[in-house]
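*Asks:* Would you mind keeping the following structure in view while I ask a few things?
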Amino acid sequence: MSPIFFELEGQTVAIVAGSRAEKYKKTPQATDTEPGILRCYDPELLKQTIAQAKEKADYCILFIHWGTEYSTKLEEVQLTTGKEYLNAGADVIIGAHSHCLQGIEYYDGKPIFYSLGNYWFNEKTLDTMLVNLRFYGNAEEEHLEIKLIPGLQEGYETHYVSDESAQRALYDRLEEISINVEISDEGIVTESK
């Protein structure tokens with residue numbers, strides 16, 4: 001339920017997590033006396049948590065469990081609440097739960113990764129990726145560089161996709177399901193204009 005804060009090279013980074021994909025007794029909502037998760041079927045508590053984290057941090061990264069399993073089609077709630085979470089103070093949203101890649105969208109200059117795919121879950125063959133975020137700048141100007149690290153989950157293992165043509169094919173598939181992004185041959189993600 002509570003954000004985690006890290007001090008990195010003089011900057012404070014907050015990590016906030018929420019789930020919109022858990023309705024089971026095994027993953028209850030946390031309370032003051034019982035462990036659990038931050039459920040966000042009603043997004044207000046998550047938005048409050050993001051805002052509180054951002055007050056204490058230079059950057060706020062939201063990890064969210066949402067979306068439809070094995071579908072690249074985004075749910076309407078992902079499209080609307082993603083923007084609400086950025087408005088609340090998140091600088092980046094990294095989603096999971098669909099077990100497959102979902103698209104990327106920029107909103108107000110900030111990225112939403114709807115799902116990174118399936119790092120390791122089962123024997124299926126699925127595209128996946130890691131995201132390398134690099135925040136840099138000064139008091140006048142801040143920047144975020146995003147580099148994708150392409151992977152393939154296959155037979156209970158995940159491997160780095162090193163072949164340049166296979167990387168490009170993965171980036172092209174990801175661009176097709178994304179909203180307003182371009183991905184360079186080096187895996188650098190930018191907002192398309």
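Labels used: A, B, ... for chains in the order of the structure tokens, numbers from 1 for residues in each chain, and numbers from 1 for ligands as shown.
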If you count only C-alpha atoms, which residues fall within 9 Å of Thr125 of chain A, apart from same-chain ones fewer than 5 positions away, as an MDAnalysis selection string?
*Replies:* chainID A and resid 152:156
*Asks:* With N, CA and C atoms retained, could you export that selection as a PDB file, in the first residue's frame?
*Replies:*
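Saved to selection-v7.pdb:
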```
ATOM      1  N   LEU A 152      12.318 -12.857 -25.662  1.00  0.00           N
ATOM      2  CA  LEU A 152      11.381 -13.866 -26.118  1.00  0.00           C
ATOM      3  C   LEU A 152      11.273 -14.927 -25.035  1.00  0.00           C
ATOM      4  N   GLN A 153      10.043 -15.157 -24.577  1.00  0.00           N
ATOM      5  CA  GLN A 153       9.790 -16.247 -23.636  1.00  0.00           C
ATOM      6  C   GLN A 153       9.428 -17.471 -24.458  1.00  0.00           C
ATOM      7  N   GLU A 154      10.095 -18.558 -24.178  1.00  0.00           N
ATOM      8  CA  GLU A 154       9.858 -19.779 -24.955  1.00  0.00           C
ATOM      9  C   GLU A 154      10.270 -20.979 -24.115  1.00  0.00           C
ATOM     10  N   GLY A 155       9.366 -21.934 -23.957  1.00  0.00           N
ATOM     11  CA  GLY A 155       9.693 -23.157 -23.245  1.00  0.00           C
ATOM     12  C   GLY A 155      10.189 -22.925 -21.825  1.00  0.00           C
ATOM     13  N   TYR A 156       9.481 -22.103 -21.074  1.00  0.00           N
ATOM     14  CA  TYR A 156       9.799 -21.797 -19.680  1.00  0.00           C
ATOM     15  C   TYR A 156      11.090 -21.002 -19.483  1.00  0.00           C
TER      16      TYR A 156
END
```
*Asks:* With distances taken over only C-alpha atoms, which residue among A:Gly10, A:Gly89, A:Pro28, A:Gly103 lies nearest Arg173 of chain A?
*Replies:*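 The closest residue to Arg173 of chain A is A:Gly103.
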*Asks:* Per residue of segment 81-128 of chain A within 12 Å of segment 15-27 of chain A, record the nearest atom pair and its distance in Å to one decimal, counting only C-alpha atoms, with rows in chain order and ascending residue number, as CSV.
*Replies:*
```
residue,atom,partner,partner_atom,distance
A:Thr81,CA,A:Arg20,CA,10.8
A:Gly82,CA,A:Gly18,CA,11.9
A:Tyr85,CA,A:Val16,CA,10.7
A:Gly89,CA,A:Val16,CA,10.9
A:Ala90,CA,A:Val16,CA,8.7
A:Asp91,CA,A:Ile15,CA,10.4
A:Val92,CA,A:Ile15,CA,10.0
A:Ile93,CA,A:Val16,CA,9.6
A:Ile94,CA,A:Ala17,CA,9.6
A:Gly95,CA,A:Ser19,CA,9.6
A:Ala96,CA,A:Ser19,CA,9.3
A:His97,CA,A:Ala21,CA,7.3
A:Ser98,CA,A:Ala21,CA,9.6
```
*Asks:* Can you work out the spacing between atom CA of His143 of chain A and atom CA of Gly109 of chain A in Å, to one decimal?
*Replies:*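 Spanning atom CA of His143 of chain A to atom CA of Gly109 of chain A is a straight-line distance of 10.2 Å.
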*Asks:* Do you have the atom CA of Phe5 of chain A-atom CA of Ala57 of chain A distance handy?
*Replies:*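 Atom-to-atom, atom CA of Phe5 of chain A to atom CA of Ala57 of chain A, that is 7.6 Å.
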*Asks:* Based on the backbone DSSP call, show me all residues of segment 10-192 of chain A assigned alpha helix (DSSP H), as a ChimeraX atom specification.
*Replies:* /A:44-56,76-88,164-177
*Asks:* From the options A:Tyr119, A:Tyr59, A:Tyr106, A:Phe113, which residue's atoms come nearest to Glu142 of chain A, counting only C-alpha atoms?
*Replies:*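 Looking at the shortest contact to Glu142 of chain A, the residue is A:Tyr59.
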*Asks:* Using only C-alpha atoms, which of A:Leu116, A:Pro35, A:Asn87, A:Lys54 sits nearest Trp66 of chain A?
*Replies:*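 Answer, going by the shortest atom-to-atom distance: A:Leu116.
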*Asks:* Find, counting only C-alpha atoms, the residue in A:Leu86, A:Ile64, A:Met1, A:Leu46 that gets nearest to Thr33 of chain A.
*Replies:*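 That would be A:Met1, the residue with the smallest distance to Thr33 of chain A.
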*Asks:* Counting only C-alpha atoms, figure out which residue out of A:Leu8, A:Ala169, A:Val77, A:Ile112 gets nearest to Tyr41 of chain A.
*Replies:*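 Closest to Tyr41 of chain A, using only C-alpha atoms: A:Val77.
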*Asks:* I'd like to know which of A:Ser71, A:Lys147, A:Ser162, A:Phe63 is closest to Ser184 of chain A, using only C-alpha atoms.
*Replies:* A:Lys147
*Asks:* Identify, with DSSP run on backbone atoms, the residues in segment 2-99 of chain A assigned to strand (DSSP E), and express the list as an MDAnalysis selection string.
*Replies:* chainID A and resid 4:8 11:19 59:65 92:96
*Asks:* What lies within 8 Å of Glu164 of chain A using only C-alpha atoms, ignoring chain neighbours under 3 positions off, as a list in words?
*Replies:* Gln167, Arg168 and Asp185 of chain A
*Asks:* So the first atom is atom CA of Lys193 of chain A and the second is atom CA of Gln78 of chain A; what is the distance between them in Å, to one decimal place?
*Replies:* 22.1 Å
*Asks:* Hey, what's within 8 Å of Leu148 of chain A if we count only C-alpha atoms and toss same-chain stuff fewer than 2 positions away? As a list in words, please?
*Replies:*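 Residues meeting the cut-off are Met129, Leu130, Val131, Asn132, Ile146, Pro150, Gly187, Ile188 and Val189 of chain A.
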